[in-house]
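Next comes upload_22.cif, with mmCIF, C-alpha atoms.
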```
data_upload
#
loop_
_atom_site.label_atom_id
_atom_site.label_comp_id
_atom_site.auth_asym_id
_atom_site.auth_seq_id
_atom_site.Cartn_x
_atom_site.Cartn_y
_atom_site.Cartn_z
CA MET A 226 0.00 0.00 0.00
CA ASP A 227 1.19 3.54 -0.77
CA LYS A 228 2.42 5.04 2.50
CA ASN A 229 0.96 8.40 1.45
CA SER A 230 -2.48 6.98 0.86
CA ASN A 231 -5.31 8.52 2.90
CA ASN A 232 -6.67 5.00 3.34
CA HIS A 233 -3.62 3.76 5.24
CA ASP A 234 -4.69 1.81 8.33
CA GLU A 235 -2.21 2.49 11.14
CA SER A 236 -3.56 -0.49 13.10
CA ALA A 237 -3.01 -2.97 10.26
CA SER A 238 -0.31 -5.57 10.82
CA PRO A 239 2.88 -5.04 8.83
CA PRO A 240 3.29 -7.43 5.89
CA THR A 241 4.95 -10.75 6.76
CA LEU A 242 8.16 -11.76 5.00
CA THR A 243 7.78 -15.35 3.81
CA THR A 244 9.83 -17.93 1.96
CA ARG A 245 8.76 -18.73 -1.57
CA GLN A 246 6.73 -21.57 -0.02
CA GLY A 247 4.69 -19.04 1.99
CA HIS A 248 6.27 -19.90 5.35
CA PRO A 249 6.93 -16.93 7.68
CA VAL A 250 10.62 -15.97 8.03
CA THR A 251 11.54 -15.56 11.69
CA ASP A 252 15.12 -14.34 11.12
CA ASN A 253 16.35 -12.79 7.89
CA GLN A 254 19.69 -11.65 9.33
CA ASN A 255 21.39 -14.73 10.75
CA ILE A 256 21.97 -18.36 9.85
CA ARG A 257 21.88 -21.16 12.41
CA THR A 258 25.23 -22.48 13.65
CA VAL A 259 26.43 -25.05 16.15
CA GLY A 260 27.32 -22.63 18.94
CA ASN A 261 28.20 -18.98 18.42
CA ARG A 262 31.25 -19.71 16.26
CA GLY A 263 30.50 -23.24 15.11
CA PRO A 264 29.74 -24.54 11.60
CA SER A 265 26.43 -23.81 9.94
CA THR A 266 23.77 -26.51 9.85
CA LEU A 267 21.78 -28.00 7.01
CA GLU A 268 18.64 -26.80 8.79
CA ASN A 269 19.21 -23.30 7.35
CA TYR A 270 16.33 -23.81 4.93
CA HIS A 271 15.63 -20.10 4.43
CA PHE A 272 19.32 -19.37 3.74
CA LEU A 273 19.65 -22.27 1.28
CA GLU A 274 16.46 -21.29 -0.52
CA LYS A 275 17.46 -17.63 -0.64
CA THR A 276 20.90 -18.47 -2.08
CA THR A 277 19.64 -20.93 -4.68
CA HIS A 278 17.02 -18.43 -5.79
CA PHE A 279 19.79 -15.84 -6.20
CA ASP A 280 22.08 -18.26 -8.07
CA ARG A 281 19.57 -19.64 -10.54
CA GLU A 282 17.71 -17.30 -12.81
CA ARG A 283 17.22 -19.82 -15.58
CA ILE A 284 15.94 -23.37 -15.40
CA PRO A 285 18.08 -26.03 -17.06
CA GLU A 286 16.58 -29.43 -17.79
CA ARG A 287 16.16 -31.40 -14.59
CA VAL A 288 18.84 -34.06 -14.06
CA VAL A 289 16.05 -36.54 -13.29
CA HIS A 290 12.30 -36.14 -13.84
CA ALA A 291 12.90 -33.93 -16.90
CA ARG A 292 9.83 -35.18 -18.77
CA GLY A 293 6.72 -34.06 -16.97
CA ALA A 294 3.04 -33.14 -17.13
CA GLY A 295 0.94 -31.35 -14.55
CA ALA A 296 -2.52 -30.25 -13.49
CA HIS A 297 -4.28 -28.19 -10.80
CA GLY A 298 -6.95 -29.42 -8.43
CA ILE A 299 -8.24 -29.64 -4.88
CA PHE A 300 -7.62 -31.86 -1.88
CA GLU A 301 -10.65 -32.53 0.32
CA ALA A 302 -9.97 -33.74 3.85
CA TYR A 303 -12.06 -36.45 5.56
CA GLY A 304 -11.26 -35.17 9.07
CA LYS A 305 -10.38 -38.73 10.03
CA ALA A 306 -7.56 -41.24 9.65
CA GLY A 307 -9.57 -44.37 9.11
CA ASP A 308 -12.13 -44.34 11.95
CA GLU A 309 -10.12 -42.09 14.29
CA PRO A 310 -10.22 -38.27 14.34
CA VAL A 311 -7.13 -37.19 12.41
CA SER A 312 -6.29 -34.81 15.28
CA THR A 313 -5.28 -37.92 17.25
CA TYR A 314 -2.20 -38.09 15.07
CA THR A 315 -1.52 -34.66 13.55
CA ARG A 316 -2.35 -30.99 14.12
CA ALA A 317 -1.74 -30.11 10.44
CA LYS A 318 -4.63 -27.77 9.63
CA LEU A 319 -5.40 -29.06 6.14
CA PHE A 320 -6.52 -32.46 7.53
CA GLN A 321 -8.63 -31.40 10.51
CA GLU A 322 -12.13 -30.68 9.17
CA ALA A 323 -14.22 -33.00 7.04
CA GLY A 324 -14.82 -31.29 3.69
CA LYS A 325 -12.01 -28.76 4.10
CA GLN A 326 -10.53 -28.05 0.65
CA THR A 327 -6.91 -27.16 -0.12
CA PRO A 328 -5.73 -26.17 -3.62
CA VAL A 329 -3.07 -28.48 -5.08
CA PHE A 330 -0.79 -28.74 -8.08
CA VAL A 331 0.59 -32.09 -9.23
CA ARG A 332 3.54 -32.80 -11.51
CA PHE A 333 3.86 -36.32 -12.95
CA SER A 334 7.08 -37.35 -14.65
CA THR A 335 9.33 -40.05 -16.00
CA VAL A 336 12.74 -40.24 -14.34
CA ILE A 337 15.84 -41.04 -16.35
CA HIS A 338 15.51 -39.65 -19.86
CA GLY A 339 15.22 -36.13 -21.26
CA THR A 340 12.47 -33.60 -21.79
CA HIS A 341 11.08 -35.08 -25.01
CA SER A 342 11.70 -38.78 -24.32
CA PRO A 343 8.91 -41.35 -24.81
CA GLU A 344 6.46 -41.78 -21.94
CA THR A 345 6.29 -45.52 -22.61
CA LEU A 346 9.77 -46.34 -21.27
CA ARG A 347 10.27 -48.77 -18.37
CA ASP A 348 11.07 -46.32 -15.62
CA PRO A 349 9.72 -45.16 -12.26
CA ARG A 350 7.31 -42.23 -12.46
CA GLY A 351 7.37 -39.12 -10.34
CA PHE A 352 4.23 -38.12 -8.42
CA ALA A 353 4.82 -34.75 -6.72
CA VAL A 354 1.98 -32.83 -5.02
CA LYS A 355 2.12 -29.23 -3.84
CA PHE A 356 -0.54 -28.33 -1.25
CA TYR A 357 -1.24 -24.58 -0.93
CA THR A 358 -2.20 -24.64 2.76
CA GLU A 359 -3.02 -21.75 5.08
CA ASP A 360 0.32 -22.35 6.82
CA GLY A 361 2.29 -22.17 3.56
CA ASN A 362 3.11 -24.84 1.03
CA TRP A 363 3.54 -28.53 1.71
CA ASP A 364 5.32 -30.60 -0.94
CA LEU A 365 4.61 -34.33 -0.85
CA VAL A 366 7.32 -35.51 -3.24
CA GLY A 367 7.22 -39.13 -4.34
CA ASN A 368 7.02 -41.78 -7.04
CA ASN A 369 4.44 -44.20 -8.38
CA LEU A 370 6.23 -47.19 -6.80
CA LYS A 371 6.13 -47.46 -3.02
CA ILE A 372 9.80 -48.32 -2.47
CA PHE A 373 13.18 -47.19 -3.82
CA PHE A 374 16.49 -48.60 -5.11
CA ILE A 375 18.69 -47.43 -2.25
CA ARG A 376 18.51 -46.63 1.45
CA ASP A 377 21.60 -44.41 1.74
CA PRO A 378 21.50 -41.03 -0.07
CA LEU A 379 25.27 -41.18 -0.71
CA LYS A 380 24.52 -43.70 -3.48
CA PHE A 381 21.97 -41.53 -5.28
CA PRO A 382 24.29 -39.71 -7.74
CA ASP A 383 26.04 -43.00 -8.59
CA MET A 384 22.71 -44.73 -9.17
CA VAL A 385 21.46 -41.99 -11.50
CA HIS A 386 24.75 -41.95 -13.43
CA ALA A 387 24.56 -45.72 -13.89
CA PHE A 388 20.98 -45.51 -15.17
CA LYS A 389 21.59 -42.51 -17.44
CA PRO A 390 22.82 -42.82 -21.05
CA ASP A 391 26.45 -43.86 -21.41
CA PRO A 392 28.75 -40.79 -21.55
CA VAL A 393 30.49 -42.18 -24.66
CA THR A 394 27.59 -43.49 -26.77
CA ASN A 395 24.83 -41.33 -25.18
CA VAL A 396 22.65 -44.46 -25.12
CA GLN A 397 21.35 -46.12 -21.96
CA ASP A 398 23.42 -49.27 -21.32
CA MET A 399 21.75 -52.00 -19.28
CA GLU A 400 25.16 -53.44 -18.36
CA ARG A 401 25.84 -50.19 -16.48
CA PHE A 402 22.37 -50.37 -14.96
CA PHE A 403 22.72 -53.92 -13.68
CA ASP A 404 26.33 -53.40 -12.63
CA PHE A 405 25.06 -50.88 -10.09
CA VAL A 406 22.09 -53.03 -9.10
CA SER A 407 24.21 -56.16 -8.62
CA LEU A 408 26.52 -54.26 -6.27
CA SER A 409 23.56 -52.82 -4.31
CA PRO A 410 21.56 -55.85 -3.09
CA GLU A 411 19.00 -53.59 -1.38
CA ALA A 412 17.83 -52.61 -4.92
CA THR A 413 16.47 -56.13 -5.58
CA HIS A 414 13.00 -55.34 -4.20
CA MET A 415 12.61 -52.29 -6.43
CA ILE A 416 13.88 -54.17 -9.48
CA THR A 417 11.20 -56.84 -9.08
CA PHE A 418 8.60 -54.07 -9.38
CA LEU A 419 10.35 -52.17 -12.18
CA PHE A 420 10.70 -55.25 -14.40
CA SER A 421 7.12 -56.31 -13.86
CA PRO A 422 4.14 -54.57 -15.53
CA TRP A 423 4.31 -52.02 -12.67
CA GLY A 424 7.38 -50.62 -14.46
CA ILE A 425 5.27 -49.16 -17.30
CA PRO A 426 2.14 -47.37 -16.05
CA ALA A 427 -0.50 -47.04 -18.77
CA ASN A 428 -0.73 -43.29 -18.14
CA TYR A 429 -0.48 -40.81 -15.29
CA ARG A 430 -4.15 -40.99 -14.30
CA GLN A 431 -4.17 -44.73 -13.66
CA MET A 432 -1.09 -45.06 -11.48
CA GLN A 433 -0.54 -45.03 -7.75
CA GLY A 434 1.61 -42.54 -5.89
CA SER A 435 3.71 -42.81 -2.77
CA GLY A 436 5.74 -40.58 -0.50
CA VAL A 437 8.20 -43.56 -0.41
CA ASN A 438 10.09 -42.26 2.63
CA THR A 439 8.91 -42.39 6.23
CA TYR A 440 7.77 -39.12 7.79
CA LYS A 441 6.25 -38.13 11.12
CA TRP A 442 2.93 -36.68 12.15
CA VAL A 443 2.79 -34.57 15.33
CA ASN A 444 -0.41 -33.82 17.25
CA GLN A 445 -1.38 -30.87 19.42
CA ASN A 446 0.33 -32.43 22.45
CA GLY A 447 3.62 -32.88 20.61
CA ASP A 448 3.17 -36.66 20.37
CA ALA A 449 4.60 -38.13 17.15
CA VAL A 450 3.89 -41.18 15.02
CA LEU A 451 5.69 -42.53 11.97
CA VAL A 452 3.70 -42.21 8.75
CA LYS A 453 3.82 -43.43 5.13
CA TYR A 454 1.77 -41.72 2.39
CA HIS A 455 -0.04 -43.51 -0.45
CA TRP A 456 -2.11 -42.13 -3.34
CA GLU A 457 -4.64 -44.70 -4.60
CA PRO A 458 -6.56 -44.05 -7.87
CA LEU A 459 -10.32 -44.01 -7.32
CA LYS A 460 -12.79 -44.07 -10.22
CA GLN A 461 -10.15 -44.43 -12.96
CA GLY A 462 -8.53 -47.52 -11.41
CA ILE A 463 -4.96 -48.81 -11.85
CA LYS A 464 -3.61 -49.90 -15.23
CA ASN A 465 -0.13 -50.92 -16.38
CA LEU A 466 1.26 -51.99 -19.75
CA LEU A 467 3.02 -55.09 -20.97
CA GLN A 468 6.18 -54.42 -22.96
CA GLN A 469 4.54 -55.24 -26.31
CA GLU A 470 1.65 -52.88 -25.52
CA ALA A 471 4.09 -50.09 -24.69
CA ASN A 472 6.01 -50.76 -27.92
CA ALA A 473 2.83 -50.43 -29.98
CA ILE A 474 1.91 -47.10 -28.34
CA GLN A 475 5.45 -45.72 -28.66
CA ALA A 476 5.48 -46.48 -32.39
CA LEU A 477 2.66 -43.98 -32.88
CA ASN A 478 2.79 -41.54 -29.96
CA PHE A 479 5.57 -40.82 -27.46
CA ASN A 480 3.48 -38.16 -25.66
CA HIS A 481 0.57 -40.44 -24.82
CA ALA A 482 0.53 -39.92 -21.02
CA THR A 483 0.69 -36.13 -21.21
CA LEU A 484 -2.13 -36.07 -23.78
CA ASP A 485 -4.20 -38.58 -21.81
CA LEU A 486 -4.11 -36.39 -18.70
CA TYR A 487 -4.79 -33.17 -20.60
CA GLU A 488 -7.65 -34.58 -22.66
CA ALA A 489 -9.34 -36.28 -19.69
CA ILE A 490 -9.47 -33.01 -17.77
CA GLU A 491 -10.61 -31.07 -20.85
CA ARG A 492 -13.60 -33.38 -21.27
CA GLY A 493 -14.49 -33.17 -17.58
CA ASP A 494 -13.34 -36.69 -16.67
CA TYR A 495 -11.45 -35.50 -13.62
CA PRO A 496 -9.04 -38.08 -12.15
CA GLU A 497 -9.27 -38.72 -8.43
CA TRP A 498 -6.93 -40.25 -5.86
CA GLU A 499 -7.53 -41.11 -2.23
CA LEU A 500 -4.70 -40.22 0.14
CA CYS A 501 -4.09 -43.05 2.58
CA VAL A 502 -1.57 -43.25 5.39
CA GLN A 503 0.05 -46.09 7.27
CA ILE A 504 0.78 -45.21 10.89
CA MET A 505 3.28 -46.75 13.29
CA SER A 506 4.30 -45.71 16.78
CA ASP A 507 7.48 -43.62 16.92
CA GLY A 508 10.36 -45.56 18.46
CA GLU A 509 12.24 -48.82 18.24
CA HIS A 510 10.40 -51.82 16.79
CA PRO A 511 12.36 -54.97 17.70
CA GLU A 512 9.29 -57.09 16.91
CA LEU A 513 9.63 -56.29 13.18
CA ASP A 514 12.02 -58.15 10.87
CA PHE A 515 12.73 -54.95 8.90
CA ASP A 516 13.63 -51.34 9.60
CA PRO A 517 10.50 -49.16 9.15
CA LEU A 518 12.77 -46.26 8.16
CA ASP A 519 14.24 -48.25 5.24
CA PRO A 520 12.72 -46.98 1.94
CA THR A 521 13.54 -50.27 0.17
CA LYS A 522 10.95 -52.04 2.34
CA LEU A 523 7.15 -52.08 2.40
CA TRP A 524 5.16 -51.88 5.62
CA PRO A 525 2.85 -54.94 5.64
CA THR A 526 -0.75 -53.81 5.32
CA ASP A 527 -2.07 -56.54 7.62
CA GLN A 528 -0.12 -54.92 10.48
CA PHE A 529 -0.31 -51.31 9.29
CA PRO A 530 -3.51 -50.85 7.25
CA PHE A 531 -4.15 -48.03 4.80
CA LEU A 532 -6.15 -45.30 6.55
CA PRO A 533 -7.95 -42.88 4.18
CA VAL A 534 -7.48 -39.21 5.13
CA GLY A 535 -8.70 -37.31 2.05
CA LYS A 536 -9.36 -37.20 -1.67
CA MET A 537 -7.60 -35.28 -4.45
CA THR A 538 -9.33 -34.28 -7.68
CA LEU A 539 -7.45 -32.76 -10.64
CA ASN A 540 -9.86 -30.48 -12.47
CA ARG A 541 -7.88 -27.76 -14.28
CA ASN A 542 -5.20 -27.88 -16.95
CA PRO A 543 -2.31 -25.40 -17.04
CA LYS A 544 -2.70 -22.48 -19.42
CA ASP A 545 1.08 -21.90 -19.74
CA TYR A 546 3.11 -25.11 -19.64
CA PHE A 547 6.50 -23.51 -18.99
CA MET A 548 5.29 -21.17 -16.29
CA GLU A 549 3.05 -23.62 -14.43
CA VAL A 550 4.61 -27.05 -15.02
CA GLU A 551 8.23 -26.62 -16.05
CA GLN A 552 8.96 -23.96 -13.43
CA ALA A 553 7.18 -25.88 -10.67
CA ALA A 554 9.71 -26.82 -8.01
CA PHE A 555 9.23 -29.32 -5.20
CA GLY A 556 11.32 -30.08 -2.14
CA THR A 557 11.16 -32.86 0.43
CA GLY A 558 12.05 -30.26 3.08
CA VAL A 559 8.88 -28.24 2.46
CA LEU A 560 6.60 -29.16 5.36
CA VAL A 561 3.99 -27.33 7.46
CA ASP A 562 3.17 -27.42 11.16
CA GLY A 563 2.02 -30.87 12.28
CA LEU A 564 4.21 -32.66 9.72
CA ASP A 565 7.81 -33.58 10.49
CA PHE A 566 10.81 -35.68 9.48
CA SER A 567 11.66 -39.13 10.74
CA ASP A 568 15.23 -40.41 10.99
CA ASP A 569 14.91 -41.96 7.51
CA LYS A 570 18.24 -41.20 5.85
#
```
Have the structure of the file written as structure tokens, please.
Amino acid sequence: MDKNSNNHDESASPPTLTTRQGHPVTDNQNIRTVGNRGPSTLENYHFLEKTTHFDRERIPERVVHARGAGAHGIFEAYGKAGDEPVSTYTRAKLFQEAGKQTPVFVRFSTVIHGTHSPETLRDPRGFAVKFYTEDGNWDLVGNNLKIFFIRDPLKFPDMVHAFKPDPVTNVQDMERFFDFVSLSPEATHMITFLFSPWGIPANYRQMQGSGVNTYKWVNQNGDAVLVKYHWEPLKQGIKNLLQQEANAIQALNFNHATLDLYEAIERGDYPEWELCVQIMSDGEHPELDFDPLDPTKLWPTDQFPFLPVGKMTLNRNPKDYFMEVEQAAFGTGVLVDGLDFSDDK
């Protein structure tokens, strides 16, 4: 507001400085360190965001998830986690009231190949959801498959390099792919999914989504539980392709998934997913034969059932692909009050 305006309200609160996710900035002058003169910590989210924003004015092709499509929609909360009030587990505002709606934007993607690569390739798919909540943005970043190749992030760049095209021939080499996999036994579970029909979703509408990693929910009393997120297609169902079916589609159309999503929304056939969570008490679990913080493992549903907490409907296509889809950025560190991190590496 113009400070010289006659309509200036002296009692109005001053504008709040926020991050680009809409979170209030509590200190714009100092970073967090270990002690007064100690090293800085990786918890300096505002500093890291501020610096990366300053450094990057142009958007190069993403290293992974370069090929993507997106759409806008709404998330409607059930107010419950299964049969329990959701407030038992989390104080996150977007979940509390039955019928409460939160705007969302979703970007779907393939992983390894470039911006104009075929959408029929055998590859995990990205499933990233941005919730525009009253407390700022929450990014639920995940894939279509519920597990991952590795459990230690130190291996991630090596994994991607092994799966990417060969630096000499610029063609993906499965010997490089399986060389990495054979030396990383924890990848076996993921490979059994990837080389089954689950490795080629029929399109973006008819695939599941997962947060993959383990997070925490925190309630009003500060009590925490471990949580896994799962997106389950509703009316459109789940559909995957056999290799020969994918080959036939690719021969005629390598943009089929992007077009399928766009055309479905244009004709009013809005895709829907139910958000389900698995919940486990926070702490040691010696009774389990796996580590619940290990992203290469599934939580058995007979012990930790899927609890529905809300429904997402995608009902609006982007009007400017570059501005709305290509410039969309998601981060696993973008949480809101009531959501937290576990010790998952």
> What do you get, as a ChimeraX atom specification, if you spell out every residue that the PyMOL selection byres ((chain A and resi 360-377) around 6) selects here?
Replying inline: /A:246-248,350-359,378-379,412,415,433-437,519-521,555,557,559-561
Same residues, C-alpha atoms, saved as a PDB file, in the coordinates of the input:
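So selection-v4.pdb came out as:
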```pdb
ATOM      1  CA  GLN A 246       6.730 -21.570  -0.020  1.00  0.00           C
ATOM      2  CA  GLY A 247       4.690 -19.040   1.990  1.00  0.00           C
ATOM      3  CA  HIS A 248       6.270 -19.900   5.350  1.00  0.00           C
ATOM      4  CA  ARG A 350       7.310 -42.230 -12.460  1.00  0.00           C
ATOM      5  CA  GLY A 351       7.370 -39.120 -10.340  1.00  0.00           C
ATOM      6  CA  PHE A 352       4.230 -38.120  -8.420  1.00  0.00           C
ATOM      7  CA  ALA A 353       4.820 -34.750  -6.720  1.00  0.00           C
ATOM      8  CA  VAL A 354       1.980 -32.830  -5.020  1.00  0.00           C
ATOM      9  CA  LYS A 355       2.120 -29.230  -3.840  1.00  0.00           C
ATOM     10  CA  PHE A 356      -0.540 -28.330  -1.250  1.00  0.00           C
ATOM     11  CA  TYR A 357      -1.240 -24.580  -0.930  1.00  0.00           C
ATOM     12  CA  THR A 358      -2.200 -24.640   2.760  1.00  0.00           C
ATOM     13  CA  GLU A 359      -3.020 -21.750   5.080  1.00  0.00           C
ATOM     14  CA  PRO A 378      21.500 -41.030  -0.070  1.00  0.00           C
ATOM     15  CA  LEU A 379      25.270 -41.180  -0.710  1.00  0.00           C
ATOM     16  CA  ALA A 412      17.830 -52.610  -4.920  1.00  0.00           C
ATOM     17  CA  MET A 415      12.610 -52.290  -6.430  1.00  0.00           C
ATOM     18  CA  GLN A 433      -0.540 -45.030  -7.750  1.00  0.00           C
ATOM     19  CA  GLY A 434       1.610 -42.540  -5.890  1.00  0.00           C
ATOM     20  CA  SER A 435       3.710 -42.810  -2.770  1.00  0.00           C
ATOM     21  CA  GLY A 436       5.740 -40.580  -0.500  1.00  0.00           C
ATOM     22  CA  VAL A 437       8.200 -43.560  -0.410  1.00  0.00           C
ATOM     23  CA  ASP A 519      14.240 -48.250   5.240  1.00  0.00           C
ATOM     24  CA  PRO A 520      12.720 -46.980   1.940  1.00  0.00           C
ATOM     25  CA  THR A 521      13.540 -50.270   0.170  1.00  0.00           C
ATOM     26  CA  PHE A 555       9.230 -29.320  -5.200  1.00  0.00           C
ATOM     27  CA  THR A 557      11.160 -32.860   0.430  1.00  0.00           C
ATOM     28  CA  VAL A 559       8.880 -28.240   2.460  1.00  0.00           C
ATOM     29  CA  LEU A 560       6.600 -29.160   5.360  1.00  0.00           C
ATOM     30  CA  VAL A 561       3.990 -27.330   7.460  1.00  0.00           C
TER      31      VAL A 561
END
```
>> Suppose a student applies the PyMOL selection byres ((chain A and resi 287) around 10) to this structure; what residues should they get, written as an NGL selection string?
In response: :A and (284-286 or 288-292 or 336-340 or 551)
>> Please return as JSON, numbers by chain every residue within 12 Å of (2.0, -43.8, 10.7), taking into account all atoms listed in the file and the file's own coordinates.
In response: {"A": [306, 307, 311, 313, 314, 315, 438, 439, 440, 441, 442, 443, 449, 450, 451, 452, 453, 454, 455, 501, 502, 503, 504, 505, 506, 507, 508, 517, 518, 524, 526, 528, 529, 530, 531, 532, 533, 534, 564, 565, 567]}
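Nearest residue to Gln475 in chain A, choosing from A:Asn253, A:Thr258, A:Thr345, A:Asn542 and counting all atoms listed in the file: A:Thr345.
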> Which distance in Å separates CA of Ser421 in chain A and CA of Pro349 in chain A, to one decimal?
Replying inline: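 One can read the CA of Ser421 in chain A to CA of Pro349 in chain A distance as 11.6 Å.
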>> Can you measure CA of Arg401 in chain A to CA of Asp569 in chain A for me? One decimal in Å is fine.
In response: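 Interatomic distance here is 27.6 Å.
Closest approach to Pro343 in chain A among A:Pro382, A:Gly293, A:Pro249, A:Pro511: A:Gly293, based on all atoms listed in the file.
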>> With distances taken over all atoms listed in the file, which residue among A:Asp568, A:Asp348, A:Glu497, A:Asp280 lies nearest Gly424 in chain A?
In response: A:Asp348
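Counting from CA of Ala473 in chain A, the distance to CA of Leu419 in chain A is 19.4 Å.
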>> Under the rule that only C-alpha atoms are counted, which of A:Gln431, A:Ser342, A:Thr243, A:Thr417 is the nearest residue to Asp485 in chain A?
In response: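 For Asp485 in chain A, the nearest of the candidates is A:Gln431.
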Between range 277-368 of chain A and range 535-541 of chain A, at 12 Å or less, what are the per-residue closest atom pairs and their distances in Å? Count all atoms listed in the file, order by chain and rising residue number, and return it as JSON lines.
```
{"residue": "A:Gly295", "atom": "CA", "partner": "A:Leu539", "partner_atom": "CA", "distance": 9.4}
{"residue": "A:Ala296", "atom": "CA", "partner": "A:Arg541", "partner_atom": "CA", "distance": 6.0}
{"residue": "A:His297", "atom": "CA", "partner": "A:Arg541", "partner_atom": "CA", "distance": 5.0}
{"residue": "A:Gly298", "atom": "CA", "partner": "A:Leu539", "partner_atom": "CA", "distance": 4.0}
{"residue": "A:Ile299", "atom": "CA", "partner": "A:Thr538", "partner_atom": "CA", "distance": 5.5}
{"residue": "A:Phe300", "atom": "CA", "partner": "A:Met537", "partner_atom": "CA", "distance": 4.3}
{"residue": "A:Glu301", "atom": "CA", "partner": "A:Lys536", "partner_atom": "CA", "distance": 5.2}
{"residue": "A:Ala302", "atom": "CA", "partner": "A:Gly535", "partner_atom": "CA", "distance": 4.2}
{"residue": "A:Tyr303", "atom": "CA", "partner": "A:Gly535", "partner_atom": "CA", "distance": 4.9}
{"residue": "A:Gly304", "atom": "CA", "partner": "A:Gly535", "partner_atom": "CA", "distance": 7.8}
{"residue": "A:Lys305", "atom": "CA", "partner": "A:Gly535", "partner_atom": "CA", "distance": 8.3}
{"residue": "A:Ala306", "atom": "CA", "partner": "A:Gly535", "partner_atom": "CA", "distance": 8.6}
{"residue": "A:Gly307", "atom": "CA", "partner": "A:Gly535", "partner_atom": "CA", "distance": 10.0}
{"residue": "A:Val311", "atom": "CA", "partner": "A:Gly535", "partner_atom": "CA", "distance": 10.5}
{"residue": "A:Leu319", "atom": "CA", "partner": "A:Gly535", "partner_atom": "CA", "distance": 9.8}
{"residue": "A:Phe320", "atom": "CA", "partner": "A:Gly535", "partner_atom": "CA", "distance": 7.6}
{"residue": "A:Gln321", "atom": "CA", "partner": "A:Gly535", "partner_atom": "CA", "distance": 10.3}
{"residue": "A:Glu322", "atom": "CA", "partner": "A:Gly535", "partner_atom": "CA", "distance": 10.3}
{"residue": "A:Ala323", "atom": "CA", "partner": "A:Gly535", "partner_atom": "CA", "distance": 8.6}
{"residue": "A:Gly324", "atom": "CA", "partner": "A:Gly535", "partner_atom": "CA", "distance": 8.7}
{"residue": "A:Lys325", "atom": "CA", "partner": "A:Gly535", "partner_atom": "CA", "distance": 9.4}
{"residue": "A:Gln326", "atom": "CA", "partner": "A:Met537", "partner_atom": "CA", "distance": 9.3}
{"residue": "A:Thr327", "atom": "CA", "partner": "A:Met537", "partner_atom": "CA", "distance": 9.2}
{"residue": "A:Pro328", "atom": "CA", "partner": "A:Met537", "partner_atom": "CA", "distance": 9.3}
{"residue": "A:Val329", "atom": "CA", "partner": "A:Met537", "partner_atom": "CA", "distance": 8.2}
{"residue": "A:Phe330", "atom": "CA", "partner": "A:Leu539", "partner_atom": "CA", "distance": 8.2}
{"residue": "A:Val331", "atom": "CA", "partner": "A:Leu539", "partner_atom": "CA", "distance": 8.2}
{"residue": "A:Arg332", "atom": "CA", "partner": "A:Leu539", "partner_atom": "CA", "distance": 11.0}
{"residue": "A:Val354", "atom": "CA", "partner": "A:Met537", "partner_atom": "CA", "distance": 9.9}
{"residue": "A:Lys355", "atom": "CA", "partner": "A:Met537", "partner_atom": "CA", "distance": 11.5}
{"residue": "A:Phe356", "atom": "CA", "partner": "A:Met537", "partner_atom": "CA", "distance": 10.4}
```
> Could you spell out the hits of the PyMOL selection byres ((chain A and resi 271) around 12) on the shown file, as a count of residues only?
Replying inline: 30
